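What follows is a single structure, written as structure tokens, with notes after it.
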Amino acid sequence: RNLFCDFLLIIKMVVGYVSVSPCLSGALLQSRLSVCSRFNHSFDSTSSFHRVQRRAPLCATLYNGHESRQGRQADVRRVTGETEVEVSVNLDGSGVCDVDTGIPFLDHMLHQLSSHGLFDLYIRAKGDYHIDDHHTNEDVGISLGMAIAKALGDKKGVVRFGHFAAPLDESLVEIVLDFSGRPHLEYGLVIPTERVGTYDTQLVREFYSAIAGNAQMTIHVRQLAGINSHHIIEASFKAFARAMRMAVEIDPRRAGSIPSSKGVLTDSQALNSEAVH
């Protein structure tokens, strides 16, 4: 009976103790990246066999006050004589987006990429807008592609392939992609107008080309239907987001292996070299 009472007392102590300690949030620095520290909290009862250890479950990154879950992350800062671009990406995020490229329509498309791909994005860009948006649009694509490649690393355990067809009213666009390590773009959008607002629609292809070249991926963009320029472009970004989300997911059956019969999917030399234009 005494042993039974002792056992109940131990159970009560454990149940009373097990509570999640709060995460110690850091201060927000310049409206981005502030890291929440992990810490251990342990408990010992009078019985030597009993020990409970608790760890704060989340190490948070903050984008303008929004919490971003810890995951495969990378930062890229690229400065040229034409532009200055800073990108942070978290492939295992929750769709937190804080972007300002100076090109409103491109910002709108990047929000689609973040929201539907569940990637956390922080992007700041300055460019030679007095000429046009071409250099800034391209360099944002280059920097984002580089950040994606860095976040994926050797691609161990990923699904690798992704495909999605996204409708937007009368428009329907399909994206098929492969993180093959071999950059290639097949672009089939037929956009009927030269501009959407102030955005030059020729820059859509330049953006996808920059992403493909620097994320070391093959992208096929197929337009199945569409007559409205805005709808066609936005449907392509939504399809790209969902296809990429599929491709970067971890495949539990892979057991951490590289999804290639060659055993290699990443060109490490290219990954550490200058951007592909």
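By convention in this document, the chains of the structure tokens carry letters A, B, ... by their order, each chain's residues are numbered from 1, and ligands are numbered from 1 in the order they are shown.
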So that each row is one residue of segment 159-272 of chain A with an atom at most 10 Å from segment 114-134 of chain A, can you give its shortest atom pair and the distance in Å to one decimal, using only C-alpha atoms, rows by chain and rising number, as a tab-separated table?
```
residue	atom	partner	partner_atom	distance
A:Thr198	CA	A:Asp133	CA	9.4
A:Tyr199	CA	A:Asp133	CA	7.8
A:Asp200	CA	A:Asp133	CA	7.9
A:Gln202	CA	A:His134	CA	9.1
A:Leu203	CA	A:His134	CA	6.6
A:Glu206	CA	A:His134	CA	8.2
A:Phe207	CA	A:His134	CA	9.3
A:Phe237	CA	A:His116	CA	9.0
A:Lys238	CA	A:His116	CA	6.3
A:Ala239	CA	A:His116	CA	8.5
A:Phe240	CA	A:Gly117	CA	8.2
A:Ala241	CA	A:Gly117	CA	4.4
A:Arg242	CA	A:Gly117	CA	5.2
A:Ala243	CA	A:Gly117	CA	8.0
A:Met244	CA	A:Gly117	CA	6.8
A:Arg245	CA	A:Gly117	CA	5.0
A:Met246	CA	A:Gly117	CA	8.4
A:Val248	CA	A:Gly117	CA	9.8
```
What would the file look like if the residues just selected were written as a short mmCIF file (atom, residue, chain, number, x, y, z; two decimals), in the first residue's frame with all heavy atoms?
```
data_model
loop_
_atom_site.label_atom_id
_atom_site.label_comp_id
_atom_site.auth_asym_id
_atom_site.auth_seq_id
_atom_site.Cartn_x
_atom_site.Cartn_y
_atom_site.Cartn_z
N THR A 198 2.40 49.28 -64.24
CA THR A 198 3.68 49.80 -64.75
C THR A 198 4.68 48.68 -65.00
O THR A 198 5.81 48.94 -65.42
CB THR A 198 4.28 50.79 -63.73
OG1 THR A 198 4.51 50.12 -62.49
CG2 THR A 198 3.35 51.98 -63.51
N TYR A 199 4.28 47.42 -64.75
CA TYR A 199 5.21 46.29 -64.84
C TYR A 199 5.31 45.78 -66.27
O TYR A 199 4.29 45.44 -66.91
CB TYR A 199 4.73 45.17 -63.92
CG TYR A 199 5.67 44.00 -63.81
CD1 TYR A 199 6.84 44.08 -63.05
CD2 TYR A 199 5.38 42.79 -64.44
CE1 TYR A 199 7.70 43.01 -62.93
CE2 TYR A 199 6.24 41.70 -64.32
CZ TYR A 199 7.40 41.82 -63.57
OH TYR A 199 8.24 40.75 -63.45
N ASP A 200 6.51 45.70 -66.79
CA ASP A 200 6.79 45.18 -68.12
C ASP A 200 6.63 43.66 -68.09
O ASP A 200 7.37 42.96 -67.39
CB ASP A 200 8.21 45.57 -68.53
CG ASP A 200 8.58 45.09 -69.92
OD1 ASP A 200 7.79 44.37 -70.55
OD2 ASP A 200 9.69 45.45 -70.38
N GLN A 202 7.43 41.38 -70.09
CA GLN A 202 8.59 40.62 -70.53
C GLN A 202 9.47 40.20 -69.35
O GLN A 202 10.24 39.24 -69.46
CB GLN A 202 9.45 41.45 -71.50
CG GLN A 202 8.83 41.66 -72.87
CD GLN A 202 9.77 42.39 -73.80
OE1 GLN A 202 10.58 43.23 -73.37
NE2 GLN A 202 9.68 42.10 -75.08
N LEU A 203 9.33 40.90 -68.23
CA LEU A 203 10.17 40.62 -67.07
C LEU A 203 9.77 39.34 -66.34
O LEU A 203 10.54 38.84 -65.52
CB LEU A 203 10.14 41.80 -66.10
CG LEU A 203 10.66 43.13 -66.65
CD1 LEU A 203 10.65 44.20 -65.56
CD2 LEU A 203 12.06 42.97 -67.22
N GLU A 206 12.20 36.81 -67.47
CA GLU A 206 13.51 37.10 -66.90
C GLU A 206 13.59 36.65 -65.44
O GLU A 206 14.63 36.15 -64.99
CB GLU A 206 13.82 38.60 -67.02
CG GLU A 206 13.85 39.13 -68.43
CD GLU A 206 14.85 38.38 -69.30
OE1 GLU A 206 15.97 38.11 -68.83
OE2 GLU A 206 14.48 38.02 -70.44
N PHE A 207 12.50 36.80 -64.71
CA PHE A 207 12.48 36.39 -63.31
C PHE A 207 12.60 34.87 -63.20
O PHE A 207 13.41 34.35 -62.42
CB PHE A 207 11.19 36.87 -62.63
CG PHE A 207 11.12 36.53 -61.17
CD1 PHE A 207 11.72 37.34 -60.22
CD2 PHE A 207 10.47 35.38 -60.73
CE1 PHE A 207 11.68 37.04 -58.87
CE2 PHE A 207 10.42 35.06 -59.38
CZ PHE A 207 11.02 35.89 -58.45
N PHE A 237 2.58 32.15 -60.86
CA PHE A 237 3.28 32.24 -59.58
C PHE A 237 2.64 31.34 -58.52
O PHE A 237 3.35 30.74 -57.71
CB PHE A 237 3.34 33.69 -59.10
CG PHE A 237 4.54 34.45 -59.59
CD1 PHE A 237 4.55 35.00 -60.86
CD2 PHE A 237 5.67 34.59 -58.79
CE1 PHE A 237 5.66 35.68 -61.33
CE2 PHE A 237 6.78 35.27 -59.25
CZ PHE A 237 6.79 35.82 -60.53
N LYS A 238 1.33 31.22 -58.55
CA LYS A 238 0.66 30.32 -57.60
C LYS A 238 1.03 28.87 -57.91
O LYS A 238 1.29 28.08 -56.98
CB LYS A 238 -0.85 30.52 -57.67
CG LYS A 238 -1.32 31.83 -57.03
CD LYS A 238 -2.82 32.03 -57.17
CE LYS A 238 -3.25 33.28 -56.42
NZ LYS A 238 -4.69 33.59 -56.59
N ALA A 239 1.05 28.51 -59.18
CA ALA A 239 1.44 27.15 -59.56
C ALA A 239 2.90 26.89 -59.20
O ALA A 239 3.25 25.80 -58.73
CB ALA A 239 1.22 26.95 -61.06
N PHE A 240 3.75 27.88 -59.43
CA PHE A 240 5.17 27.74 -59.09
C PHE A 240 5.34 27.53 -57.58
O PHE A 240 6.12 26.68 -57.14
CB PHE A 240 5.93 28.98 -59.54
CG PHE A 240 7.41 28.95 -59.26
CD1 PHE A 240 8.20 27.89 -59.69
CD2 PHE A 240 8.02 29.99 -58.58
CE1 PHE A 240 9.56 27.86 -59.44
CE2 PHE A 240 9.38 29.97 -58.32
CZ PHE A 240 10.16 28.90 -58.75
N ALA A 241 4.59 28.28 -56.79
CA ALA A 241 4.67 28.15 -55.33
C ALA A 241 4.29 26.75 -54.88
O ALA A 241 5.00 26.12 -54.08
CB ALA A 241 3.75 29.18 -54.68
N ARG A 242 3.17 26.22 -55.39
CA ARG A 242 2.71 24.90 -54.97
C ARG A 242 3.62 23.79 -55.48
O ARG A 242 3.86 22.80 -54.79
CB ARG A 242 1.27 24.68 -55.43
CG ARG A 242 0.24 25.54 -54.69
CD ARG A 242 0.25 25.27 -53.19
NE ARG A 242 -0.08 23.89 -52.89
CZ ARG A 242 -1.29 23.46 -52.58
NH1 ARG A 242 -2.31 24.31 -52.51
NH2 ARG A 242 -1.50 22.19 -52.32
N ALA A 243 4.14 23.94 -56.71
CA ALA A 243 5.06 22.94 -57.25
C ALA A 243 6.36 22.92 -56.46
O ALA A 243 6.91 21.85 -56.16
CB ALA A 243 5.33 23.22 -58.72
N MET A 244 6.84 24.10 -56.09
CA MET A 244 8.09 24.16 -55.34
C MET A 244 7.88 23.63 -53.92
O MET A 244 8.75 22.94 -53.38
CB MET A 244 8.65 25.58 -55.31
CG MET A 244 10.12 25.62 -54.93
SD MET A 244 10.93 27.14 -55.35
CE MET A 244 10.30 28.22 -54.10
N ARG A 245 6.75 23.94 -53.34
CA ARG A 245 6.44 23.40 -52.00
C ARG A 245 6.47 21.87 -52.04
O ARG A 245 7.02 21.22 -51.13
CB ARG A 245 5.07 23.90 -51.56
CG ARG A 245 4.60 23.32 -50.23
CD ARG A 245 3.24 23.87 -49.87
NE ARG A 245 2.63 23.13 -48.77
CZ ARG A 245 1.38 23.33 -48.34
NH1 ARG A 245 0.62 24.23 -48.93
NH2 ARG A 245 0.90 22.63 -47.35
N MET A 246 5.89 21.28 -53.08
CA MET A 246 5.89 19.83 -53.22
C MET A 246 7.32 19.30 -53.34
O MET A 246 7.69 18.30 -52.71
CB MET A 246 5.09 19.42 -54.46
CG MET A 246 5.03 17.93 -54.72
SD MET A 246 4.24 17.54 -56.32
CE MET A 246 2.60 18.19 -56.04
N VAL A 248 10.27 20.55 -52.39
CA VAL A 248 11.21 20.72 -51.27
C VAL A 248 10.77 20.00 -50.00
O VAL A 248 11.52 19.96 -49.02
CB VAL A 248 11.46 22.21 -50.95
CG1 VAL A 248 11.96 22.96 -52.17
CG2 VAL A 248 10.22 22.89 -50.38
#
```
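Look at Pro192 of chain A: the protein and nucleic acid residues within 9 Å of it, using only C-alpha atoms and passing over chain neighbours fewer than 5 places away, are Ile227, Asn228 and Ser229 of chain A.
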His231 of chain A surroundings by only C-alpha atoms, 9 Å radius, close-in-sequence under 4 positions cut, as a ChimeraX atom specification: /A:167-172,226-227,235-236
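Between Met146 of chain A and the candidates A:Gly256, A:Gly213, A:Gly162, A:Pro104, the tightest atom-to-atom separation, counting only C-alpha atoms, involves A:Gly213.
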